[in-house]
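Shown below: upload.cif, with mmCIF, C-alpha atoms.
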```
data_work
#
loop_
_atom_site.label_atom_id
_atom_site.label_comp_id
_atom_site.auth_asym_id
_atom_site.auth_seq_id
_atom_site.Cartn_x
_atom_site.Cartn_y
_atom_site.Cartn_z
CA MET Z 1 -15.22 15.22 -7.75
CA ARG Z 2 -15.43 18.21 -5.41
CA THR Z 3 -17.64 19.04 -2.47
CA SER Z 4 -17.55 22.20 -0.38
CA ALA Z 5 -19.06 23.19 2.92
CA GLY Z 6 -19.41 26.65 1.46
CA ARG Z 7 -17.31 28.54 3.97
CA PRO Z 8 -14.06 30.40 3.29
CA GLY Z 9 -10.99 28.83 4.79
CA ARG Z 10 -7.33 29.37 5.45
CA ALA Z 11 -4.26 27.27 4.94
CA LEU Z 12 -2.42 26.41 8.14
CA SER Z 13 1.34 26.67 7.89
CA PRO Z 14 3.16 23.33 8.30
CA GLN Z 15 5.83 25.16 10.31
CA HIS Z 16 3.22 25.63 13.03
CA TYR Z 17 3.22 21.90 13.59
CA THR Z 18 6.96 21.37 13.27
CA ARG Z 19 7.55 23.41 16.43
CA ALA Z 20 4.88 21.74 18.59
CA SER Z 21 3.35 18.41 19.42
CA MET Z 22 0.60 17.23 17.10
CA ASN Z 23 -1.96 14.43 16.93
CA VAL Z 24 -3.08 13.34 13.47
CA LEU Z 25 -6.12 11.15 12.94
CA GLY Z 26 -5.93 9.21 9.67
CA ILE Z 27 -8.82 7.63 7.76
CA GLU Z 28 -8.29 5.10 4.95
CA SER Z 29 -11.20 4.00 2.73
CA SER Z 30 -9.78 3.59 -0.76
CA CYS Z 31 -10.95 0.05 -1.45
CA ASP Z 32 -12.01 -2.86 0.75
CA GLU Z 33 -10.44 -2.00 4.11
CA THR Z 34 -11.64 0.67 6.50
CA GLY Z 35 -8.76 1.94 8.61
CA VAL Z 36 -8.49 4.59 11.30
CA ALA Z 37 -5.38 5.51 13.30
CA LEU Z 38 -3.90 8.17 15.53
CA VAL Z 39 -0.24 9.19 15.34
CA SER Z 40 1.58 11.71 17.50
CA VAL Z 41 4.39 14.05 16.53
CA SER Z 42 6.84 15.94 18.67
CA GLY Z 43 9.21 18.22 16.78
CA PRO Z 44 11.33 16.56 14.08
CA ALA Z 45 11.15 13.04 15.55
CA VAL Z 46 9.56 10.25 13.51
CA PRO Z 47 5.82 10.15 14.34
CA THR Z 48 4.70 7.44 16.71
CA LEU Z 49 1.60 5.27 16.33
CA ARG Z 50 -0.69 5.55 19.34
CA ALA Z 51 -3.48 3.25 18.13
CA HIS Z 52 -5.04 1.90 14.96
CA ALA Z 53 -8.07 -0.16 14.01
CA LEU Z 54 -8.90 -1.94 10.78
CA HIS Z 55 -11.90 -3.70 9.29
CA SER Z 56 -11.45 -5.91 6.23
CA GLN Z 57 -14.32 -6.54 3.84
CA ILE Z 58 -12.84 -9.77 2.47
CA GLN Z 59 -15.59 -12.00 3.80
CA MET Z 60 -18.29 -9.77 2.29
CA HIS Z 61 -16.72 -9.77 -1.17
CA GLN Z 62 -15.78 -13.47 -1.28
CA ALA Z 63 -19.18 -14.46 -2.68
CA TYR Z 64 -18.54 -12.25 -5.72
CA GLY Z 65 -14.92 -13.24 -6.36
CA GLY Z 66 -13.74 -9.63 -6.10
CA VAL Z 67 -14.51 -6.20 -4.72
CA VAL Z 68 -17.98 -4.81 -5.44
CA PRO Z 69 -17.56 -1.00 -5.29
CA GLU Z 70 -21.08 -0.13 -4.10
CA LEU Z 71 -20.94 -2.68 -1.30
CA ALA Z 72 -17.50 -1.43 -0.32
CA SER Z 73 -18.72 2.17 -0.02
CA ARG Z 74 -21.73 1.22 2.10
CA ASP Z 75 -19.61 -0.85 4.44
CA HIS Z 76 -17.15 2.03 4.94
CA ILE Z 77 -20.09 4.17 6.09
CA ARG Z 78 -20.99 1.58 8.71
CA ARG Z 79 -17.47 1.04 9.98
CA VAL Z 80 -15.58 4.32 10.05
CA ILE Z 81 -17.20 5.99 13.08
CA PRO Z 82 -17.04 2.90 15.35
CA LEU Z 83 -13.39 2.42 14.34
CA ALA Z 84 -12.61 6.05 15.16
CA ARG Z 85 -14.19 5.64 18.59
CA GLN Z 86 -12.15 2.48 19.12
CA VAL Z 87 -8.90 4.25 18.22
CA LEU Z 88 -9.58 7.15 20.57
CA ALA Z 89 -10.46 4.78 23.39
CA GLU Z 90 -7.33 2.65 22.89
CA SER Z 91 -5.05 5.69 22.63
CA GLY Z 92 -6.55 7.43 25.63
CA ALA Z 93 -7.11 10.53 23.51
CA ALA Z 94 -10.21 12.69 23.30
CA LEU Z 95 -11.71 14.35 20.24
CA ALA Z 96 -10.34 17.66 21.47
CA ASP Z 97 -6.80 16.23 21.32
CA ILE Z 98 -6.94 15.82 17.52
CA ASP Z 99 -4.98 18.54 15.70
CA VAL Z 100 -5.38 17.39 12.07
CA VAL Z 101 -7.73 14.95 10.36
CA ALA Z 102 -6.13 13.21 7.37
CA PHE Z 103 -7.89 11.08 4.76
CA THR Z 104 -7.06 9.13 1.63
CA ARG Z 105 -7.71 11.43 -1.33
CA GLY Z 106 -6.80 8.82 -3.94
CA PRO Z 107 -6.20 6.69 -5.87
CA GLY Z 108 -8.96 4.19 -5.26
CA LEU Z 109 -12.66 3.58 -5.75
CA ALA Z 110 -14.47 6.91 -6.10
CA GLY Z 111 -17.40 6.07 -3.85
CA ALA Z 112 -15.20 4.54 -1.17
CA LEU Z 113 -12.86 7.54 -1.20
CA LEU Z 114 -15.80 9.92 -0.82
CA VAL Z 115 -16.88 8.19 2.39
CA GLY Z 116 -13.53 8.73 4.09
CA ALA Z 117 -13.13 12.26 2.75
CA GLY Z 118 -16.64 13.25 3.78
CA VAL Z 119 -16.33 11.85 7.29
CA ALA Z 120 -12.89 13.43 7.76
CA CYS Z 121 -14.01 16.88 6.67
CA ALA Z 122 -17.24 16.72 8.68
CA LEU Z 123 -15.33 15.70 11.80
CA ALA Z 124 -12.70 18.39 11.26
CA ALA Z 125 -15.38 21.05 10.72
CA ALA Z 126 -17.13 20.03 13.92
CA LEU Z 127 -13.86 20.27 15.85
CA GLY Z 128 -12.61 23.40 14.10
CA LYS Z 129 -9.45 21.58 13.04
CA PRO Z 130 -7.78 21.38 9.60
CA THR Z 131 -7.71 18.48 7.14
CA LEU Z 132 -5.14 17.04 4.77
CA GLY Z 133 -5.81 14.72 1.82
CA VAL Z 134 -3.15 12.03 1.42
CA HIS Z 135 -1.96 10.01 -1.58
CA HIS Z 136 -2.60 6.34 -0.87
CA LEU Z 137 0.69 5.22 -2.40
CA GLU Z 138 2.68 7.76 -0.41
CA GLY Z 139 1.15 6.19 2.67
CA HIS Z 140 2.51 2.80 1.60
CA LEU Z 141 5.91 4.28 0.74
CA LEU Z 142 6.35 5.83 4.16
CA SER Z 143 4.71 3.06 6.23
CA PRO Z 144 8.07 1.37 7.11
CA PHE Z 145 8.89 4.45 9.21
CA LEU Z 146 6.45 3.03 11.77
CA SER Z 147 8.42 -0.22 12.03
CA ALA Z 148 11.02 -1.11 14.65
CA ASP Z 149 13.66 -0.95 11.88
CA ALA Z 150 12.79 2.41 10.31
CA PRO Z 151 14.69 3.44 7.14
CA GLU Z 152 16.57 6.65 6.42
CA PHE Z 153 16.42 8.77 3.27
CA PRO Z 154 17.43 8.25 0.49
CA PHE Z 155 16.33 4.77 -0.55
CA ILE Z 156 14.88 2.70 -3.39
CA ALA Z 157 11.27 1.74 -2.80
CA LEU Z 158 9.56 -1.34 -4.20
CA LEU Z 159 5.85 -0.61 -4.00
CA VAL Z 160 4.11 -3.88 -4.71
CA SER Z 161 0.40 -4.54 -4.24
CA GLY Z 162 -2.74 -5.73 -5.98
CA GLY Z 163 -2.97 -2.60 -8.10
CA HIS Z 164 0.59 -1.28 -8.29
CA THR Z 165 4.09 -2.52 -8.93
CA GLN Z 166 6.61 0.32 -9.04
CA LEU Z 167 10.24 1.03 -8.29
CA MET Z 168 10.97 4.53 -7.07
CA ARG Z 169 13.91 6.54 -5.82
CA VAL Z 170 12.88 8.33 -2.62
CA ASP Z 171 15.06 11.23 -1.51
CA GLY Z 172 12.66 12.64 1.07
CA VAL Z 173 8.99 13.28 1.77
CA GLY Z 174 7.41 14.34 -1.52
CA ARG Z 175 10.66 13.78 -3.46
CA TYR Z 176 9.94 10.72 -5.57
CA GLU Z 177 11.36 9.60 -8.91
CA LEU Z 178 9.63 6.79 -10.79
CA LEU Z 179 12.23 4.33 -12.06
CA GLY Z 180 9.99 1.59 -13.42
CA GLU Z 181 6.47 0.21 -13.21
CA THR Z 182 4.27 -2.54 -14.56
CA ILE Z 183 3.01 -2.14 -18.10
CA ASP Z 184 0.04 -4.45 -17.48
CA ASP Z 185 -0.88 -6.54 -14.44
CA ALA Z 186 0.60 -5.74 -11.05
CA ALA Z 187 2.35 -8.46 -9.03
CA GLY Z 188 -0.61 -8.71 -6.68
CA GLU Z 189 -2.94 -9.21 -9.63
CA ALA Z 190 -0.68 -11.98 -10.90
CA PHE Z 191 -0.97 -13.73 -7.53
CA ASP Z 192 -4.75 -13.27 -7.33
CA LYS Z 193 -5.57 -14.15 -10.94
CA SER Z 194 -3.30 -17.20 -10.92
CA ALA Z 195 -4.93 -18.37 -7.70
CA LYS Z 196 -8.36 -17.96 -9.26
CA LEU Z 197 -7.28 -20.09 -12.22
CA MET Z 198 -6.30 -22.79 -9.72
CA GLY Z 199 -9.66 -22.56 -7.97
CA LEU Z 200 -8.24 -21.12 -4.76
CA GLY Z 201 -10.93 -18.47 -4.26
CA TYR Z 202 -10.71 -14.83 -3.20
CA PRO Z 203 -8.44 -13.25 -2.14
CA GLY Z 204 -6.13 -15.60 -3.95
CA GLY Z 205 -2.67 -14.23 -3.17
CA PRO Z 206 -2.40 -15.44 0.44
CA ALA Z 207 -4.00 -18.78 -0.49
CA LEU Z 208 -1.52 -19.31 -3.33
CA SER Z 209 1.42 -18.47 -1.08
CA ALA Z 210 0.21 -20.90 1.57
CA LEU Z 211 -0.21 -23.68 -0.99
CA ALA Z 212 3.22 -22.91 -2.47
CA ARG Z 213 4.90 -24.01 0.77
CA GLN Z 214 3.91 -27.58 -0.09
CA GLY Z 215 5.21 -27.49 -3.66
CA ARG Z 216 8.45 -27.37 -5.68
CA PRO Z 217 9.31 -23.95 -7.15
CA ASP Z 218 11.15 -25.56 -10.07
CA ALA Z 219 8.38 -28.01 -10.99
CA TYR Z 220 7.19 -26.02 -14.01
CA ALA Z 221 9.19 -23.71 -16.26
CA LEU Z 222 7.21 -20.46 -16.15
CA PRO Z 223 8.36 -17.24 -17.82
CA ARG Z 224 9.99 -14.26 -16.06
CA PRO Z 225 8.66 -11.40 -18.25
CA LEU Z 226 10.98 -8.43 -18.85
CA LEU Z 227 13.61 -9.93 -16.57
CA HIS Z 228 16.36 -9.10 -19.08
CA SER Z 229 14.70 -6.05 -20.64
CA GLY Z 230 17.48 -3.66 -19.64
CA ASN Z 231 15.00 -1.39 -17.86
CA LEU Z 232 13.15 -1.46 -14.54
CA ASP Z 233 9.63 -2.03 -15.89
CA PHE Z 234 7.52 -5.07 -15.03
CA SER Z 235 5.00 -7.23 -16.87
CA PHE Z 236 2.97 -10.06 -15.35
CA ALA Z 237 0.13 -10.59 -17.84
CA GLY Z 238 2.17 -13.13 -19.82
CA LEU Z 239 2.93 -15.09 -16.66
CA LYS Z 240 -0.77 -15.31 -15.87
CA THR Z 241 -1.38 -16.74 -19.36
CA ALA Z 242 1.42 -19.27 -18.89
CA VAL Z 243 -0.09 -20.38 -15.58
CA MET Z 244 -3.47 -20.83 -17.28
CA LEU Z 245 -1.95 -22.97 -20.04
CA GLN Z 246 0.02 -25.09 -17.59
CA HIS Z 247 -3.09 -25.60 -15.48
CA ARG Z 248 -4.97 -26.84 -18.55
CA LYS Z 249 -2.21 -29.37 -19.22
CA LEU Z 250 -2.80 -30.86 -15.78
CA GLY Z 251 -6.30 -31.92 -16.80
CA GLU Z 252 -9.68 -31.39 -15.22
CA GLN Z 253 -8.73 -32.90 -11.86
CA PRO Z 254 -5.09 -32.15 -11.05
CA SER Z 255 -3.69 -33.75 -7.93
CA ALA Z 256 -3.08 -31.76 -4.76
CA GLN Z 257 0.67 -32.03 -5.33
CA GLN Z 258 0.41 -30.78 -8.91
CA LEU Z 259 -1.51 -27.72 -7.72
CA ALA Z 260 1.03 -27.12 -4.96
CA ASP Z 261 3.87 -27.36 -7.48
CA LEU Z 262 2.11 -24.93 -9.82
CA ALA Z 263 1.54 -22.50 -6.97
CA ALA Z 264 5.18 -22.72 -5.91
CA SER Z 265 6.40 -22.26 -9.50
CA THR Z 266 4.12 -19.24 -9.97
CA GLN Z 267 5.29 -17.60 -6.76
CA ALA Z 268 8.92 -18.27 -7.66
CA ALA Z 269 8.51 -16.53 -11.02
CA ILE Z 270 6.93 -13.43 -9.50
CA VAL Z 271 9.42 -13.20 -6.65
CA ASP Z 272 12.37 -13.76 -8.97
CA VAL Z 273 11.39 -10.77 -11.10
CA LEU Z 274 10.71 -8.51 -8.11
CA VAL Z 275 14.01 -9.35 -6.44
CA LYS Z 276 16.22 -8.97 -9.51
CA LYS Z 277 14.60 -5.73 -10.65
CA SER Z 278 14.98 -4.30 -7.14
CA LEU Z 279 18.66 -5.24 -7.05
CA ASN Z 280 19.14 -3.70 -10.49
CA ALA Z 281 17.54 -0.47 -9.25
CA LEU Z 282 19.89 -0.33 -6.27
CA LYS Z 283 22.90 -0.95 -8.48
CA ALA Z 284 21.90 1.69 -11.04
CA SER Z 285 21.23 4.31 -8.36
CA GLY Z 286 24.26 3.59 -6.22
CA LEU Z 287 22.02 3.38 -3.14
CA ARG Z 288 22.26 0.56 -0.64
CA ARG Z 289 18.91 0.76 1.10
CA LEU Z 290 15.66 -0.82 -0.13
CA VAL Z 291 12.18 -0.25 1.29
CA VAL Z 292 9.44 -2.76 0.43
CA SER Z 293 5.81 -1.76 0.95
CA GLY Z 294 2.31 -2.74 -0.13
CA GLY Z 295 0.32 -5.91 0.41
CA VAL Z 296 2.69 -8.23 -1.48
CA GLY Z 297 5.46 -6.98 0.81
CA ALA Z 298 4.04 -9.38 3.42
CA ASN Z 299 4.90 -12.38 1.22
CA ALA Z 300 7.30 -14.57 3.19
CA GLU Z 301 9.19 -15.88 0.15
CA LEU Z 302 9.76 -12.36 -1.19
CA ARG Z 303 11.13 -11.26 2.18
CA ALA Z 304 13.36 -14.33 2.43
CA GLN Z 305 14.82 -13.85 -1.06
CA LEU Z 306 15.41 -10.13 -0.55
CA ASN Z 307 16.96 -10.64 2.87
CA SER Z 308 19.28 -13.31 1.51
CA ALA Z 309 20.36 -11.14 -1.43
CA ALA Z 310 20.87 -8.14 0.86
CA GLN Z 311 23.03 -10.12 3.24
CA ARG Z 312 25.26 -11.32 0.41
CA ARG Z 313 25.65 -7.79 -1.01
CA GLY Z 314 25.84 -5.79 2.19
CA LEU Z 315 22.49 -4.03 1.57
CA ARG Z 316 19.70 -3.00 3.96
CA VAL Z 317 16.05 -3.93 3.42
CA HIS Z 318 13.20 -2.41 5.40
CA TYR Z 319 9.57 -3.53 5.60
CA PRO Z 320 6.41 -2.31 7.31
CA GLU Z 321 5.21 -4.38 10.23
CA LEU Z 322 3.12 -7.24 8.84
CA GLU Z 323 -0.12 -5.75 10.18
CA LEU Z 324 0.62 -2.52 8.28
CA CYS Z 325 1.32 -4.10 4.88
CA THR Z 326 -2.33 -4.00 3.88
CA ASP Z 327 -4.25 -0.73 3.47
CA ASN Z 328 -4.59 0.93 6.87
CA GLY Z 329 -5.23 4.23 8.59
CA ALA Z 330 -1.81 4.31 10.25
CA MET Z 331 0.00 4.91 6.96
CA ILE Z 332 -2.38 7.75 6.09
CA ALA Z 333 -1.94 9.48 9.44
CA LEU Z 334 1.83 8.97 9.19
CA ALA Z 335 2.10 10.36 5.66
CA ALA Z 336 0.10 13.44 6.65
CA ALA Z 337 2.24 14.00 9.74
CA MET Z 338 5.51 13.62 7.83
CA ARG Z 339 4.28 16.01 5.11
CA LEU Z 340 3.48 18.63 7.73
CA GLN Z 341 6.79 18.07 9.49
CA SER Z 342 8.81 18.48 6.30
CA GLY Z 343 6.85 21.41 4.92
CA ALA Z 344 5.76 19.35 1.91
CA GLY Z 345 2.09 19.56 2.86
CA VAL Z 346 -0.33 22.19 4.09
CA ALA Z 347 -3.41 21.40 6.18
CA ARG Z 348 -6.49 23.40 5.28
CA SER Z 349 -9.58 24.51 7.16
CA ASP Z 350 -11.96 25.36 4.32
CA TYR Z 351 -13.53 21.87 4.53
CA ALA Z 352 -13.76 21.59 0.76
CA PHE Z 353 -12.55 18.25 -0.55
CA ASP Z 354 -12.13 16.29 -3.71
CA VAL Z 355 -11.11 12.73 -4.42
CA ARG Z 356 -8.86 11.48 -7.19
CA PRO Z 357 -9.65 7.86 -8.15
CA ARG Z 358 -6.79 8.04 -10.66
CA TRP Z 359 -3.82 9.93 -9.25
CA PRO Z 360 -0.27 9.18 -10.44
CA LEU Z 361 2.27 9.54 -7.66
CA ASP Z 362 4.36 11.89 -9.79
CA GLN Z 363 1.38 14.31 -9.72
CA ILE Z 364 1.08 14.20 -5.95
CA ASP Z 365 1.25 17.99 -5.57
CA VAL Z 366 -1.38 18.68 -8.24
#
```
Hey, can you dump this file as structure tokens for me?
Amino acid sequence: MRTSAGRPGRALSPQHYTRASMNVLGIESSCDETGVALVSVSGPAVPTLRAHALHSQIQMHQAYGGVVPELASRDHIRRVIPLARQVLAESGAALADIDVVAFTRGPGLAGALLVGAGVACALAAALGKPTLGVHHLEGHLLSPFLSADAPEFPFIALLVSGGHTQLMRVDGVGRYELLGETIDDAAGEAFDKSAKLMGLGYPGGPALSALARQGRPDAYALPRPLLHSGNLDFSFAGLKTAVMLQHRKLGEQPSAQQLADLAASTQAAIVDVLVKKSLNALKASGLRRLVVSGGVGANAELRAQLNSAAQRRGLRVHYPELELCTDNGAMIALAAAMRLQSGAGVARSDYAFDVRPRWPLDQIDV
């Protein structure tokens, strides 16, 4: 999809921003969260987050058991401008202080992406400032750089969310090598779909994790798909089926403890696969630094298992701050700023934009 304001434009050299201070406003609208943030850059230093605001649509979608794309798009329209005003007020910045407006170009829901892209380009045109479309997954990959314990390149990244489960080697901004990915359901889908089977509602992942704290992780023998496959790919569809069959065995009215045990066993299976595949990726690459990002990266059991394994092996593990694990504008502003800093991205002032609902990370420069 492509829309143009019909005026000729010029590309602005990223070197221009490397030598000076820069404020980047980021807008995220790929799915069911509307996020806006402002980051500041000074020379080669890691960008700093000045303010961010986020609205989640979870309550709106709960009645439907999942995200309704049309409702998501309409809600983004209502939220994005008030959130931008909030960010500017909290940061103490004015519209005139914005140097670049960044937005999520993809992947995501087409209608939702168009809202963020349209608002970003309209705002930039009004201010006479350039725009930069950002890959949603790159935002997640780089989000730990905003944490108190920021990583250093190179590292192995475990990108794990509701729609993606991937292991990547990251040598720098824009320098990504895919090592393995899910061949069916992502880890987040396995959490959510298993929770739905147990009647835990939407979104199911956090509810399942909370219930798992009351159960025994070894109560039920659930499969660990592809754990010994010899590669770094993932598969969670078979686990979901196993959870369904085990739930049926419990009868129509399982006890609270049986459900807690099933939740704990399900979480243990998912976490076990994620941890061991991540360790295998580190071993195969010879690297000793792991970055975990995406919504599932907030899972307490996953963090505990990875931290324990890292301590035993002398490895380093980095995470985003918990509030930045979900989709957010801060990661979009950060990714844009780091692309401009490194010369991997070019901001443009032609105010034409397109969105890419399907956009593999290895085609990020296409």
| task | Might you spell out which residues the PyMOL selection byres ((chain Z and resi 313) around 12) would select in the displayed file, as a count of residues only? | result | 17
Point out the residue among Z:Ala242, Z:Ala190, Z:Leu290, Z:Ala219 with the least atom-to-atom distance to Z:Leu259, counting only C-alpha atoms.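 Of Z:Ala242, Z:Ala190, Z:Leu290, Z:Ala219, the one nearest Z:Leu259, counting only C-alpha atoms, is Z:Ala219.
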Check which residues satisfy the PyMOL selection byres ((chain Z and resi 37) around 8) in the file shown, then give them as an mmCIF file with C-alpha atoms, in the frame of the given file.
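For reference, part_19.cif as written:
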```cif
data_model
loop_
_atom_site.group_PDB
_atom_site.id
_atom_site.type_symbol
_atom_site.label_atom_id
_atom_site.label_comp_id
_atom_site.auth_asym_id
_atom_site.auth_seq_id
_atom_site.Cartn_x
_atom_site.Cartn_y
_atom_site.Cartn_z
ATOM 1 C CA LEU Z 25 -6.120 11.150 12.940
ATOM 2 C CA GLY Z 26 -5.930 9.210 9.670
ATOM 3 C CA ILE Z 27 -8.820 7.630 7.760
ATOM 4 C CA GLY Z 35 -8.760 1.940 8.610
ATOM 5 C CA VAL Z 36 -8.490 4.590 11.300
ATOM 6 C CA LEU Z 38 -3.900 8.170 15.530
ATOM 7 C CA VAL Z 39 -0.240 9.190 15.340
ATOM 8 C CA LEU Z 49 1.600 5.270 16.330
ATOM 9 C CA ARG Z 50 -0.690 5.550 19.340
ATOM 10 C CA ALA Z 51 -3.480 3.250 18.130
ATOM 11 C CA HIS Z 52 -5.040 1.900 14.960
ATOM 12 C CA ALA Z 53 -8.070 -0.160 14.010
ATOM 13 C CA ALA Z 84 -12.610 6.050 15.160
ATOM 14 C CA VAL Z 87 -8.900 4.250 18.220
ATOM 15 C CA ASN Z 328 -4.590 0.930 6.870
ATOM 16 C CA GLY Z 329 -5.230 4.230 8.590
ATOM 17 C CA ALA Z 330 -1.810 4.310 10.250
ATOM 18 C CA ALA Z 333 -1.940 9.480 9.440
#
```
Next item on the list: Rounded to one decimal place, report the atom CA of Z:Ala150-atom CA of Z:Ile332 distance in Å.
Entry: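 According to the coordinates, atom CA of Z:Ala150 and atom CA of Z:Ile332 are separated by 16.6 Å.
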Ground truth for the PyMOL selection byres ((chain Z and resi 30) around 6), written as an MDAnalysis selection string: chainID Z and resid 29 31 108:109 112:113
Q.
Let me make sure I understand: among Z:Leu232, Z:Ala344, Z:Ala126, Z:Ala221, which one has the smallest atom-to-atom distance to Z:Arg169 if we use all atoms listed in the file?
A.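 The answer is Z:Leu232, which sits nearest to Z:Arg169.
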_At a cut-off of 7 Å, using all atoms listed in the file, what residues contact Z:Gln166? Leave out same-chain residues fewer than 4 positions from it and give the result as a count of residues only._
6
Practice item. Give me, please, the distance in Å between atom CA of Z:His55 and atom CA of Z:Val115, quoted to one decimal. Key: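 Atom CA of Z:Val115 lies at a distance of 14.6 Å from atom CA of Z:His55.
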Closest of Z:Arg358, Z:Gly118, Z:Lys249, Z:Thr34 to Z:Pro82 - atom-to-atom distances counting all atoms listed in the file: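 Closest to Z:Pro82, using all atoms listed in the file: Z:Thr34.
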As a list in words, please: the residues near stretch 208-216 of chain Z (cut-off 8 Å, all atoms listed in the file, same-chain neighbours under 3 positions excluded).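 The residues that qualify are Phe191, Asp192, Ala195, Leu200, Gly204, Gly205, Ala219, Gln257, Gln258, Leu259, Ala260, Asp261, Leu262, Ala263, Ala264, Ser265, Gln267 and Asn299 of chain Z.
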Nearest to Z:Ser349: which of Z:Gly43, Z:Gly116, Z:Pro130, Z:Pro217 is it, counting all atoms listed in the file?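 For Z:Ser349, the nearest of the given residues is Z:Pro130.
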For Z:Gly230, which of Z:Ala284, Z:Val173, Z:Cys121, Z:Ala352 is the closest residue, counting all atoms listed in the file?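 Checking each of Z:Ala284, Z:Val173, Z:Cys121, Z:Ala352 against Z:Gly230, counting all atoms listed in the file, the winner is Z:Ala284.
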Open item on the list: Here is a test: counting all atoms listed in the file, which residue of Z:Gly295, Z:Pro44, Z:Gly286, Z:Pro107 is nearest to Z:Val134?
Closed with: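 Using all atoms listed in the file, the shortest distance to Z:Val134 belongs to Z:Pro107.
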Notebook entry, point to check: Can you tell me, as a ChimeraX atom specification, what residues are no more than 6 Å from stretch 67-75 of chain Z when counting only C-alpha atoms, ignoring any on the same chain fewer than 3 positions away?
Noted result: /Z:32,61,78,111-112
Could you dump the residues just selected with C-alpha atoms as an mmCIF file, in the frame of the given file?
```cif
data_model
loop_
_atom_site.group_PDB
_atom_site.id
_atom_site.type_symbol
_atom_site.label_atom_id
_atom_site.label_comp_id
_atom_site.auth_asym_id
_atom_site.auth_seq_id
_atom_site.Cartn_x
_atom_site.Cartn_y
_atom_site.Cartn_z
ATOM 1 C CA ASP Z 32 -12.010 -2.860 0.750
ATOM 2 C CA HIS Z 61 -16.720 -9.770 -1.170
ATOM 3 C CA ARG Z 78 -20.990 1.580 8.710
ATOM 4 C CA GLY Z 111 -17.400 6.070 -3.850
ATOM 5 C CA ALA Z 112 -15.200 4.540 -1.170
#
```
Atom CA of Z:Val355 sits from atom CA of Z:Gly106 at a separation of 5.8 Å
